[in-house]
file work.txt (compact mmCIF, C-alpha atoms)
# COMPACT_ATOMS: atom_id res chain seq x y z
CA MET B 1 -4.98 2.99 16.31
CA LYS B 2 -2.39 2.86 19.08
CA TYR B 3 0.57 3.87 16.92
CA THR B 4 1.33 7.10 15.11
CA ALA B 5 3.44 5.87 12.19
CA VAL B 6 3.76 2.93 9.86
CA GLY B 7 6.74 1.60 7.94
CA ALA B 8 6.86 -0.76 4.99
CA ILE B 9 9.89 -2.16 3.24
CA GLU B 10 10.24 -4.60 0.37
CA PHE B 11 13.31 -6.68 -0.45
CA SER B 12 14.42 -8.56 -3.56
CA SER B 13 15.93 -11.24 -1.29
CA ILE B 14 13.97 -13.33 1.21
CA VAL B 15 17.12 -13.94 3.27
CA LYS B 16 17.87 -10.19 3.48
CA GLY B 17 14.22 -9.57 4.36
CA LEU B 18 14.25 -12.06 7.22
CA ALA B 19 17.50 -10.63 8.58
CA ALA B 20 16.13 -7.08 8.32
CA GLU B 21 12.89 -8.12 10.04
CA ASP B 22 14.81 -9.48 13.01
CA ALA B 23 17.07 -6.43 13.16
CA LEU B 24 14.30 -3.83 12.92
CA LEU B 25 12.33 -5.54 15.68
CA LYS B 26 15.42 -5.46 17.90
CA ALA B 27 16.27 -1.86 16.97
CA ALA B 28 13.09 -0.14 18.15
CA ALA B 29 9.75 -0.61 19.88
CA VAL B 30 7.65 -1.39 16.82
CA GLU B 31 4.77 -3.77 16.25
CA LEU B 32 5.01 -6.20 13.35
CA LEU B 33 1.80 -5.99 11.30
CA LEU B 34 2.80 -8.20 8.37
CA ALA B 35 5.94 -9.98 7.25
CA ARG B 36 5.95 -12.55 4.48
CA THR B 37 7.29 -13.71 1.20
CA ILE B 38 5.49 -12.28 -1.79
CA CYS B 39 5.47 -13.05 -5.48
CA SER B 40 8.67 -13.11 -7.47
CA GLY B 41 10.68 -14.24 -4.44
CA LYS B 42 10.47 -10.93 -2.62
CA TYR B 43 9.97 -10.22 1.10
CA PHE B 44 7.57 -7.58 2.46
CA ILE B 45 7.51 -6.14 6.00
CA LEU B 46 4.89 -3.80 7.47
CA PHE B 47 5.33 -2.45 11.00
CA ALA B 48 4.03 0.36 13.20
CA GLY B 49 4.90 2.40 16.28
CA SER B 50 5.79 5.93 17.23
CA VAL B 51 7.30 8.08 14.50
CA SER B 52 10.78 7.92 16.03
CA SER B 53 10.57 4.14 16.56
CA VAL B 54 9.42 3.48 13.00
CA GLU B 55 12.16 5.74 11.62
CA ALA B 56 14.83 4.00 13.72
CA ALA B 57 13.59 0.55 12.70
CA MET B 58 13.45 1.60 9.03
CA ASP B 59 17.01 2.97 9.14
CA THR B 60 18.18 -0.36 10.54
CA ALA B 61 16.30 -2.39 7.92
CA ARG B 62 17.53 -0.24 5.04
CA LEU B 63 21.13 -0.42 6.22
CA LEU B 64 21.01 -4.20 6.61
CA GLY B 65 19.07 -4.75 3.36
CA ALA B 66 21.35 -2.46 1.34
CA GLU B 67 21.16 -3.40 -2.35
CA ALA B 68 18.24 -5.79 -1.75
CA VAL B 69 15.85 -2.93 -0.80
CA ILE B 70 13.36 -2.45 -3.62
CA ASP B 71 11.17 0.19 -2.01
CA PHE B 72 10.38 1.57 1.44
CA LEU B 73 7.95 3.90 3.16
CA THR B 74 7.68 5.64 6.50
CA VAL B 75 4.51 7.63 7.01
CA ALA B 76 3.18 9.40 10.07
CA ASN B 77 -0.57 9.41 10.62
CA VAL B 78 -1.41 6.85 7.95
CA HIS B 79 -4.98 7.34 6.72
CA PRO B 80 -7.36 4.99 8.60
CA ALA B 81 -8.89 3.73 5.33
CA VAL B 82 -5.63 2.08 4.27
CA PHE B 83 -5.76 -0.95 6.58
CA PRO B 84 -9.36 -2.04 5.84
CA ALA B 85 -8.57 -1.84 2.11
CA MET B 86 -5.41 -3.89 2.62
CA THR B 87 -7.19 -6.58 4.63
CA GLN B 88 -9.92 -6.63 1.97
CA SER B 89 -12.56 -6.03 4.62
CA VAL B 90 -14.28 -3.18 2.75
CA VAL B 91 -17.72 -4.14 1.49
CA LEU B 92 -19.35 -1.74 -0.92
CA THR B 93 -23.06 -1.20 -1.37
CA PRO B 94 -24.40 -0.40 -4.83
CA GLY B 95 -24.81 3.21 -3.65
CA ASP B 96 -21.09 3.41 -2.80
CA CYS B 97 -20.03 2.69 -6.36
CA GLY B 98 -19.18 5.87 -8.21
CA ALA B 99 -16.26 6.46 -10.51
CA LEU B 100 -13.56 3.80 -10.42
CA GLY B 101 -9.92 4.72 -9.90
CA VAL B 102 -7.09 2.21 -10.20
CA ILE B 103 -3.35 2.49 -9.66
CA GLU B 104 -0.96 -0.35 -10.53
CA THR B 105 2.60 -0.26 -9.18
CA PHE B 106 5.73 -2.36 -9.43
CA SER B 107 5.90 -2.75 -5.63
CA GLY B 108 3.58 -3.28 -2.70
CA VAL B 109 5.18 -0.38 -0.86
CA SER B 110 4.33 1.98 -3.72
CA ALA B 111 0.71 0.81 -3.61
CA LEU B 112 0.65 1.77 0.09
CA ILE B 113 2.05 5.19 -0.75
CA ALA B 114 -0.63 5.60 -3.42
CA ALA B 115 -3.40 4.55 -1.03
CA ASP B 116 -2.38 6.87 1.79
CA THR B 117 -1.86 9.79 -0.59
CA ALA B 118 -5.17 9.30 -2.44
CA ALA B 119 -7.16 8.96 0.79
CA LYS B 120 -5.61 12.13 2.22
CA ALA B 121 -6.04 14.11 -1.01
CA ALA B 122 -9.69 13.44 -1.81
CA HIS B 123 -13.00 12.15 -0.47
CA VAL B 124 -12.77 8.61 -1.86
CA THR B 125 -13.44 5.10 -0.62
CA LEU B 126 -10.44 2.79 -0.79
CA PHE B 127 -11.84 -0.70 -1.27
CA ARG B 128 -8.95 -2.80 -2.50
CA LEU B 129 -5.26 -2.57 -1.70
CA ASN B 130 -3.23 -5.55 -2.78
CA VAL B 131 0.41 -5.40 -1.76
CA ALA B 132 2.06 -7.83 -4.15
CA MET B 133 0.38 -11.07 -3.07
CA ALA B 134 -0.63 -13.25 -6.03
CA MET B 135 0.12 -10.47 -8.52
CA GLY B 136 3.64 -11.09 -9.71
CA GLY B 137 5.03 -8.72 -7.09
CA LYS B 138 2.95 -5.73 -8.15
CA GLY B 139 0.74 -3.51 -6.03
CA LEU B 140 -2.85 -2.57 -6.83
CA LEU B 141 -5.10 0.15 -5.42
CA MET B 142 -8.78 0.50 -6.28
CA LEU B 143 -10.96 3.34 -5.08
CA THR B 144 -14.36 4.83 -5.78
CA GLY B 145 -16.30 8.04 -5.22
CA PRO B 146 -17.45 11.11 -7.13
CA VAL B 147 -15.59 11.56 -10.43
CA ALA B 148 -13.79 14.75 -9.38
CA ASP B 149 -12.64 13.19 -6.10
CA VAL B 150 -11.50 9.97 -7.73
CA GLN B 151 -9.54 11.96 -10.32
CA ALA B 152 -7.99 14.13 -7.59
CA GLY B 153 -7.06 11.05 -5.55
CA ILE B 154 -5.52 9.29 -8.54
CA ASP B 155 -3.63 12.42 -9.60
CA ALA B 156 -2.18 12.85 -6.10
CA ALA B 157 -1.24 9.17 -5.89
CA VAL B 158 0.44 9.26 -9.29
CA ALA B 159 2.40 12.36 -8.24
CA ALA B 160 3.62 10.48 -5.15
CA VAL B 161 4.51 7.20 -6.89
CA ALA B 162 5.76 8.22 -10.37
CA PRO B 163 8.99 9.91 -9.20
CA ARG B 164 9.98 6.63 -7.52
CA GLY B 165 9.94 4.94 -10.95
CA LEU B 166 7.48 2.29 -9.77
CA LEU B 167 4.23 3.35 -11.42
CA VAL B 168 2.90 0.83 -13.93
CA ASN B 169 -0.35 2.55 -14.89
CA GLN B 170 -3.42 4.40 -13.65
CA LEU B 171 -7.02 4.62 -14.73
CA VAL B 172 -10.18 6.56 -13.93
CA ILE B 173 -13.49 5.30 -15.30
CA PRO B 174 -16.18 7.96 -14.70
CA ARG B 175 -19.19 5.66 -15.11
CA PRO B 176 -18.04 2.06 -14.78
CA GLU B 177 -20.32 -0.84 -15.46
CA LYS B 178 -21.64 -2.36 -12.21
CA GLU B 179 -19.88 -5.66 -13.00
CA LEU B 180 -16.53 -4.03 -12.24
CA PHE B 181 -17.64 -3.81 -8.60
CA SER B 182 -19.47 -7.15 -8.37
CA GLU B 183 -16.67 -8.86 -6.44
CA TYR B 184 -16.75 -6.15 -3.75
CA ILE B 185 -20.52 -5.71 -3.18
call {"tool": "encode", "arguments": {"input": "work.txt", "output": "structure tokens"}}
result
Amino acid sequence: MKYTAVGAIEFSSIVKGLAAEDALLKAAAVELLLARTICSGKYFILFAGSVSSVEAAMDTARLLGAEAVIDFLTVANVHPAVFPAMTQSVVLTPGDCGALGVIETFSGVSALIAADTAAKAAHVTLFRLNVAMAMGGKGLLMLTGPVADVQAGIDAAVAAVAPRGLLVNQLVIPRPEKELFSEYI
């Protein structure tokens, strides 16, 4: 990874999102990782760079987006497991499938926060991170591992997301049926 920080911001307005995207790219030396419309007519931007560049770009985007900002995140040293889970490039083997942990959020940004927090808090495998695409604007994180680690990861993620008011629900299934993983094996 050639950058040290990542920023994500979600807007209730596509127009505000496009304007903020242009402004944040002009404000600092950041690399655009993802920018697109998402369900419910929202706009999602993910970008990376040095910590100071990401913070400067985020300040610009938040200022321009004002009341249209739904949620935002700036995190230094994002856990390396986050991006493979987001790109859905994680393939599990039957031996990888332990307990199942799931977090559902009202925003894609909050799902990113949950993923980074869970991966840093416990020895878990993030295998699915959906940031509001084809889900009515919600975010979804799925992870697996030993029961105690999955519970610790979910607890940490809930503690990070719940105060933002964007947690929909969470779940830990200690011994899930193998069919719950069939799409990912």
call {"tool": "atom_distance", "arguments": {"input": "work.txt", "atom1": "CA of Val168 (chain B)", "atom2": "CA of Phe72 (chain B)"}}
result
17.1 Å
call {"tool": "residues_around", "arguments": {"input": "work.txt", "residues": "Gly101 (chain B)", "least_positions_apart": "6", "cutoff": "12 Å", "atoms": "only C-alpha atoms", "output": "VMD selection string"}}
result
chain B and resid 114 to 115 118 to 119 122 124 to 129 140 to 158 169 to 176 180 to 181
call {"tool": "atom_distance", "arguments": {"input": "work.txt", "atom1": "CA of Leu34 (chain B)", "atom2": "CA of Phe47 (chain B)"}}
result
6.8 Å
call {"tool": "atom_distance", "arguments": {"input": "work.txt", "atom1": "CA of Leu167 (chain B)", "atom2": "CA of Ile103 (chain B)"}}
result
7.8 Å
call {"tool": "closest_residue", "arguments": {"input": "work.txt", "among": "B:Ala8, B:Ile14, B:Ala159, B:Ala27", "to": "Ala68 (chain B)", "atoms": "all atoms listed in the file"}}
result
B:Ile14
call {"tool": "residues_around", "arguments": {"input": "work.txt", "residues": "Asp59 (chain B)", "least_positions_apart": "2", "cutoff": "12 Å", "atoms": "all atoms listed in the file", "output": "PyMOL selection string"}}
result
chain B and resi 7-9+20-21+23-25+27-28+52-57+61-66+69+72-74
call {"tool": "closest_residue", "arguments": {"input": "work.txt", "among": "B:Gly136, B:Gly49, B:Pro163, B:Pro80", "to": "Phe106 (chain B)", "atoms": "all atoms listed in the file"}}
result
B:Gly136
call {"tool": "closest_residue", "arguments": {"input": "work.txt", "among": "B:Ser13, B:Ser50, B:Thr117, B:Thr60", "to": "Thr37 (chain B)", "atoms": "all atoms listed in the file"}}
result
B:Ser13
call {"tool": "closest_residue", "arguments": {"input": "work.txt", "among": "B:Glu31, B:Glu67, B:Asp116, B:Glu179", "to": "Gly17 (chain B)", "atoms": "only C-alpha atoms"}}
result
B:Glu67
call {"tool": "closest_residue", "arguments": {"input": "work.txt", "among": "B:Val82, B:Ile70, B:Leu166, B:Ala29", "to": "Asn130 (chain B)", "atoms": "all atoms listed in the file"}}
result
B:Val82
call {"tool": "residues_near_point", "arguments": {"input": "work.txt", "point": "(2.0, -5.9, 9.9)", "cutoff": "7 Å", "atoms": "only C-alpha atoms", "output": "ChimeraX atom specification"}}
result
/B:32-35,45-47
call {"tool": "closest_residue", "arguments": {"input": "work.txt", "among": "B:His123, B:Arg164, B:Lys42, B:Lys178", "to": "Glu10 (chain B)", "atoms": "only C-alpha atoms"}}
result
B:Lys42
call {"tool": "residues_near_point", "arguments": {"input": "work.txt", "point": "(-13.2, -3.3, 4.5)", "cutoff": "10 Å", "atoms": "all atoms listed in the file", "output": "list in words"}}
result
Ala81, Val82, Phe83, Pro84, Ala85, Met86, Thr87, Gln88, Ser89, Val90, Val91, Leu92, Thr125, Leu126, Phe127, Arg128 and Tyr184 of chain B
call {"tool": "axis_aligned_box", "arguments": {"input": "work.txt", "around": "region 155-169 of chain B", "padding_each_side": "3 Å", "output": "JSON"}}
result
{"center_x": 3.2, "center_y": 6.8, "center_z": -10.0, "size_x": 19.6, "size_y": 18.0, "size_z": 15.7}
call {"tool": "decode", "arguments": {"input": "work.txt", "residues": "region 27-176 of chain B", "atoms": "C-alpha atoms", "output": "short mmCIF file (atom, residue, chain, number, x, y, z; two decimals), in the first residue's frame"}}
result
data_model
loop_
_atom_site.label_atom_id
_atom_site.label_comp_id
_atom_site.auth_asym_id
_atom_site.auth_seq_id
_atom_site.Cartn_x
_atom_site.Cartn_y
_atom_site.Cartn_z
CA ALA B 27 -7.38 20.37 -2.41
CA ALA B 28 -4.75 17.72 -1.72
CA ALA B 29 -2.58 15.01 -3.24
CA VAL B 30 -4.96 12.09 -2.82
CA GLU B 31 -5.72 9.10 -5.01
CA LEU B 32 -9.34 8.42 -5.89
CA LEU B 33 -10.12 4.76 -5.15
CA LEU B 34 -13.88 4.81 -5.74
CA ALA B 35 -16.49 7.43 -6.52
CA ARG B 36 -19.99 6.55 -7.62
CA THR B 37 -23.68 6.86 -7.08
CA ILE B 38 -25.10 4.31 -4.69
CA CYS B 39 -28.58 3.20 -3.78
CA SER B 40 -31.17 5.67 -2.63
CA GLY B 41 -29.65 8.44 -4.75
CA LYS B 42 -26.55 8.87 -2.60
CA TYR B 43 -22.94 9.49 -3.64
CA PHE B 44 -19.94 7.67 -2.12
CA ILE B 45 -16.27 8.68 -2.38
CA LEU B 46 -13.25 6.67 -1.20
CA PHE B 47 -9.76 8.15 -1.48
CA ALA B 48 -6.28 7.63 -0.06
CA GLY B 49 -2.98 9.42 0.51
CA SER B 50 -0.83 10.66 3.35
CA VAL B 51 -2.62 11.37 6.62
CA SER B 52 -2.33 15.14 6.17
CA SER B 53 -3.51 14.98 2.54
CA VAL B 54 -6.52 12.83 3.38
CA GLU B 55 -7.43 15.11 6.28
CA ALA B 56 -7.16 18.22 4.09
CA ALA B 57 -9.22 16.64 1.32
CA MET B 58 -11.84 15.48 3.84
CA ASP B 59 -12.11 18.95 5.39
CA THR B 60 -12.72 20.38 1.92
CA ALA B 61 -15.35 17.75 1.05
CA ARG B 62 -17.18 18.16 4.36
CA LEU B 63 -17.23 21.94 4.06
CA LEU B 64 -18.56 21.83 0.50
CA GLY B 65 -21.05 19.02 1.22
CA ALA B 66 -22.37 20.68 4.38
CA GLU B 67 -25.88 19.39 5.13
CA ALA B 68 -25.63 16.71 2.42
CA VAL B 69 -22.90 14.79 4.32
CA ILE B 70 -24.41 11.59 5.71
CA ASP B 71 -21.26 10.05 7.15
CA PHE B 72 -17.49 10.34 6.80
CA LEU B 73 -14.33 8.58 7.88
CA THR B 74 -10.63 9.34 7.95
CA VAL B 75 -8.44 6.51 9.18
CA ALA B 76 -4.68 6.18 9.30
CA ASN B 77 -3.19 2.75 8.68
CA VAL B 78 -6.38 1.10 7.46
CA HIS B 79 -6.23 -2.66 8.06
CA PRO B 80 -5.03 -4.45 4.90
CA ALA B 81 -7.97 -6.91 5.04
CA VAL B 82 -10.50 -4.14 4.36
CA PHE B 83 -9.84 -3.69 0.63
CA PRO B 84 -9.97 -7.38 -0.40
CA ALA B 85 -13.28 -7.70 1.48
CA MET B 86 -14.62 -4.59 -0.24
CA THR B 87 -13.63 -5.80 -3.70
CA GLN B 88 -15.17 -9.17 -2.87
CA SER B 89 -11.92 -10.92 -3.77
CA VAL B 90 -11.78 -13.01 -0.59
CA VAL B 91 -12.34 -16.70 -1.26
CA LEU B 92 -12.88 -18.89 1.77
CA THR B 93 -12.01 -22.55 2.06
CA PRO B 94 -14.24 -24.81 4.15
CA GLY B 95 -11.51 -24.76 6.82
CA ASP B 96 -11.71 -20.95 7.01
CA CYS B 97 -15.36 -20.99 8.03
CA GLY B 98 -15.75 -20.61 11.77
CA ALA B 99 -18.24 -18.47 13.60
CA LEU B 100 -20.08 -15.94 11.46
CA GLY B 101 -20.22 -12.28 12.44
CA VAL B 102 -22.37 -9.74 10.62
CA ILE B 103 -22.80 -5.99 11.02
CA GLU B 104 -25.46 -4.04 9.11
CA THR B 105 -25.24 -0.25 8.97
CA PHE B 106 -27.25 2.61 7.53
CA SER B 107 -24.22 3.86 5.55
CA GLY B 108 -21.33 2.48 3.55
CA VAL B 109 -18.91 4.63 5.52
CA SER B 110 -20.06 3.06 8.79
CA ALA B 111 -19.50 -0.40 7.31
CA LEU B 112 -15.90 0.64 6.55
CA ILE B 113 -15.47 1.84 10.12
CA ALA B 114 -16.84 -1.49 11.37
CA ALA B 115 -14.52 -3.48 9.11
CA ASP B 116 -11.35 -1.61 10.06
CA THR B 117 -12.22 -1.72 13.76
CA ALA B 118 -13.11 -5.43 13.78
CA ALA B 119 -9.96 -6.41 11.87
CA LYS B 120 -7.76 -4.42 14.24
CA ALA B 121 -9.51 -5.71 17.37
CA ALA B 122 -9.50 -9.45 16.74
CA HIS B 123 -8.03 -12.27 14.66
CA VAL B 124 -10.85 -12.55 12.12
CA THR B 125 -11.18 -12.95 8.37
CA LEU B 126 -13.18 -10.19 6.69
CA PHE B 127 -14.76 -11.78 3.64
CA ARG B 128 -17.54 -9.43 2.60
CA LEU B 129 -17.76 -5.66 2.84
CA ASN B 130 -20.56 -4.12 0.85
CA VAL B 131 -20.62 -0.34 0.92
CA ALA B 132 -24.18 0.48 -0.04
CA MET B 133 -24.26 -0.92 -3.58
CA ALA B 134 -27.48 -2.81 -4.35
CA MET B 135 -28.56 -2.73 -0.70
CA GLY B 136 -30.81 0.28 -0.37
CA GLY B 137 -27.90 2.43 0.75
CA LYS B 138 -26.91 0.23 3.67
CA GLY B 139 -23.50 -1.21 4.51
CA LEU B 140 -22.79 -4.84 5.32
CA LEU B 141 -19.76 -6.50 6.90
CA MET B 142 -19.33 -10.26 7.21
CA LEU B 143 -16.44 -11.92 9.00
CA THR B 144 -15.45 -15.33 10.28
CA GLY B 145 -13.02 -16.93 12.70
CA PRO B 146 -12.96 -18.48 16.16
CA VAL B 147 -16.08 -17.65 18.19
CA ALA B 148 -14.25 -15.53 20.78
CA ASP B 149 -12.46 -13.52 18.08
CA VAL B 150 -15.60 -13.00 16.02
CA GLN B 151 -17.45 -11.82 19.13
CA ALA B 152 -14.58 -9.48 20.05
CA GLY B 153 -14.47 -8.09 16.50
CA ILE B 154 -18.22 -7.54 16.39
CA ASP B 155 -18.24 -5.95 19.85
CA ALA B 156 -15.46 -3.53 18.86
CA ALA B 157 -17.18 -2.68 15.57
CA VAL B 158 -20.50 -2.06 17.31
CA ALA B 159 -18.76 0.22 19.83
CA ALA B 160 -17.29 2.22 16.93
CA VAL B 161 -20.48 2.47 14.85
CA ALA B 162 -23.33 2.68 17.40
CA PRO B 163 -22.46 6.17 18.74
CA ARG B 164 -22.76 7.50 15.18
CA GLY B 165 -26.43 6.42 15.16
CA LEU B 166 -25.93 4.33 12.02
CA LEU B 167 -25.98 0.77 13.35
CA VAL B 168 -28.89 -1.30 12.05
CA ASN B 169 -28.05 -4.64 13.66
CA GLN B 170 -25.34 -7.16 14.46
CA LEU B 171 -25.17 -10.91 14.75
CA VAL B 172 -22.76 -13.65 15.81
CA ILE B 173 -23.59 -17.25 14.94
CA PRO B 174 -21.17 -19.56 16.78
CA ARG B 175 -21.72 -22.63 14.58
CA PRO B 176 -23.36 -21.54 11.34
#
